[in-house]
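See structure below.
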Amino acid sequence: MLQDQSDTFDNASVTGIATLEDLRRHLQWAIEVEHATLPPYLTALYSLDPERNADAAQLLSGVFVEEMIHLALAANLLNAVGGQPRLDAPHLLPPHPRTMPHADPSIELALLPFGQDALGMFLRLEQPAHPGDPAEDDDYETIGQFYDAIEKGLRRLCAELGEDQVFCGDPARQVAGGPFAHTAGHLGPVTDLSSALAALDEIVEQGEGAARADVWDGDTDLFHPRTKAVSHYYRFQELALGRRYQPGDTPRSGPTGEAVTVDPAGVRPLRPNPRLEDHPEGSPVRTAQEAFNQTYCKMLHQLEQAFNGNPAMLGMSVGTMYAIKGQAQSLMALQDDDGLAVGPTFDYVAPEDRA
């Protein structure tokens, strides 16, 4: 659970969230934070041969789906307080390597093949805050501290203005269940303080574990229904250490369960942080990269529509995600002049330039 901040409303300077507009701005940042994780996770996931690296592919694909749930929850939170979620915008797709939006510069994101470098990046990204770490609304050191600042601001504004004034958004803009109903995470509507706090808990606990002292995130494991789900940080530890967490394990003990195998020969040797300009216009590689970027931006547009009054578009965006997967895998089957596999660049394509 996020920390109870009810006794600290008065110190708005700690969180930088003193008005509804401040809150809306930070919730838009939350959408951008959740989106920023997607290109690195997808690059690592699609670099894997899913038959030779079934464990790693399963773990990474589960994290990706839950990040999509977090993105939708952040949009629900913003809609609930009268904001307008934005996803189809150039600043969401800056060149890699890049930093997390409004984060400490030590949280750097890159497009890398699966391996120890990628896992090190993911572990830094999902690093749990320590109990007692301060809320940080900007230049945050962990994502949990950023969401703590949002929770503080939310509680403070509800105490000052009343829940009805804070949760002034149109309930019809909320998305729920839908294509993610079968997953371990919970995508529910946000209409009041209680449901908002539940959404924040879902995001933080799936990332760093329950109560910042537990390996588990409180949900059921999608692929192993008789066990609890491991949070993202500890799933990446499973891959880095080559062993699964099992009941009774703790952050201190580390994983003591069955082996998690990774076959390095089943990882495509991708060139890190590819660029369109690495290849001439009209070349097969650049053409495939440009096609991928078009489809990825189409997905962002569909998600933006889904979060702005057309919830049915969420299902259409899932279909586009499958198209993205196929294009990425076809792209990675190509090689550049150095014999390295070619990955997507995740460049923004303006709406007028899309096919």
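Naming works like this for the structure tokens: A, B, ... for the chains as they're shown, residue 1 at the start of each chain, ligands 1 onward in shown order.
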
Give me the residues near segment 168-172 of chain A as a PyMOL selection string, where near means some atom within 12 Å (using only C-alpha atoms) and where sequence neighbours in that chain fewer than 6 positions away do not count. chain A and resi 20+24+75-85+158+161-162+188-193+306-312

Could you name the residues that touch Val260 of chain A at 9 Å or less, counting only C-alpha atoms, but leaving out those on the same chain fewer than 4 positions away, as a list in words? Asp55, Ala56, Glu238, Leu239, Leu241, Gly242, Arg243 and Arg244 of chain A

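Among the candidate residues A:Ser253, A:Thr345, A:Ser231, A:Gln165, the one lying nearest to Pro272 of chain A is A:Thr345, with distances computed using only C-alpha atoms.
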
Which of segment 14-253 of chain A fall in alpha helix (DSSP H), as a count of residues only: 114

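For the set A:Pro280, A:Pro255, A:Pro134, A:Pro269, the residue with the smallest atom-to-atom gap to Gln335 of chain A is A:Pro269, counting only C-alpha atoms.
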
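One distance worth recording is that between atom CA of His130 of chain A and atom CA of Gly144 of chain A, which is 9.2 Å.
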
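These are the residues of segment 20-267 of chain A assigned strand (DSSP E or B) by DSSP from backbone coordinates: Leu48, Arg98, Thr99, Ala103, Glu108, Leu109, Tyr140, Trp216, Asp217, Gly218, Asp219, Thr220, Lys228, Ala229, Val230, Arg243, Ala259 and Val267 of chain A.
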
Which of these residues is nearest to Ile31 of chain A, using only C-alpha atoms: A:Asp278, A:Asp49, A:Asp263, A:Asp88? A:Asp88

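Of the residues under consideration (A:Asp347, A:Glu67, A:Asp133, A:Asp104), A:Glu67 shows the shortest atom-to-atom contact distance to Glu32 of chain A when counting only C-alpha atoms.
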
My list of candidates is A:Leu123, A:Leu87, A:Ala229, A:Leu200. Which is closest to Leu73 of chain A when distances are computed with only C-alpha atoms? A:Leu200

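Nearest-residue note for Ala240 of chain A: choosing from A:Tyr147, A:Phe64, A:Phe114, A:Tyr46, the minimum distance belongs to A:Phe114, counting only C-alpha atoms.
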
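Interatomic distance, atom CA of Gln246 of chain A against atom CA of Gln145 of chain A: 27.5 Å.
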